[in-house]
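S.K.: Mind looking over this structure? Questions follow.
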Amino acid sequence: MLARGLQIGTRVVAMLGLTLAAASSADSPHRAVMKAADYAPKQVRVQVGDVVEWVNQDIVAHTATASDKSWDISVTPGRSGRITMQVPGTFGYFCRYHPNMKGEIVVER
Ligand SMILES: [Cu+2]
C-alpha cells in the first residue's frame with residue numbers, strides 16, 4: 001500500500017517536472033496535429049530548445065518517431081505529447097504504426 005502510494009507520487013512529480021520544463025523552454029509549443037492518419041502541418045520549423053507538441057485527434061494511437069530514432073513519442077487518442085528539440089538539423093519522422101504517415105521537423109540554430 002505504501003509502496004503503491006509512493007509510486008503514484010513519483011509519477012505525478014515526474015509529470016509536473018515535464019510540464020515545467022516545457023513551459024520554460026518555449027512560450028507556446030509548436031503544434032502538429034495527428035488527424036486522419038496524417039500530420040498537419042507536414043513540416044514544422046523550430047529553434048534549438050523549442051518544444052514540439054503533437055496532438056492526436058484520431059481514434060487510434062500514433063507515434064512521432066525520428067527517422068534516425070533520435071526521438072520517439074507515442075500519443076494515444078485525445079492526448080498530446082511534447083518533445084524538446086535539442087539538436088539542429090532536418091529530421092524526417094514517421095508513425096511506427098502507420099509508416100505512410102510522414103512529417104518533417106526542421107531545427108534551426
Ligand atoms: Cu499512426
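Residues are named by chain letter and number: chains run A, B, ... in the order of the C-alpha cells, numbers start at 1 in each chain, and ligands are numbered from 1 in the order shown.
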Name all residues at most 12 Å from segment 53-56 of chain A (count only C-alpha atoms; drop same-chain ones fewer than 3 positions away) and give them as a PyMOL selection string.
M.R.: chain A and resi 19+22-23+26+28-42+44+46+50+59-65+72-85+95+103+105
S.K.: What's the 6 Å shell around Val106 of chain A, counting only C-alpha atoms, without same-chain residues fewer than 3 positions away, as an MDAnalysis selection string?
M.R.: chainID A and resid 45 89:90
S.K.: Which is closest to ligand 1 among A:Glu104, A:Asp58, A:Trp71, A:Gln86, if we use only C-alpha atoms and all ligand atoms?
M.R.: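 Ranking A:Glu104, A:Asp58, A:Trp71, A:Gln86 by distance to ligand 1, first place goes to A:Asp58.
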S.K.: Would you mind telling me which residue in A:Gln57, A:Pro88, A:Gly49, A:Ser67 lies nearest to ligand 1 when using only C-alpha atoms and all ligand atoms?
M.R.: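 Closest residue, counting only C-alpha atoms and all ligand atoms: A:Gln57.
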S.K.: Please compute the atom CA of Lys102 of chain A-atom CA of Gln43 of chain A distance, one decimal, in Å.
M.R.: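 These atoms are spaced 9.4 Å apart.
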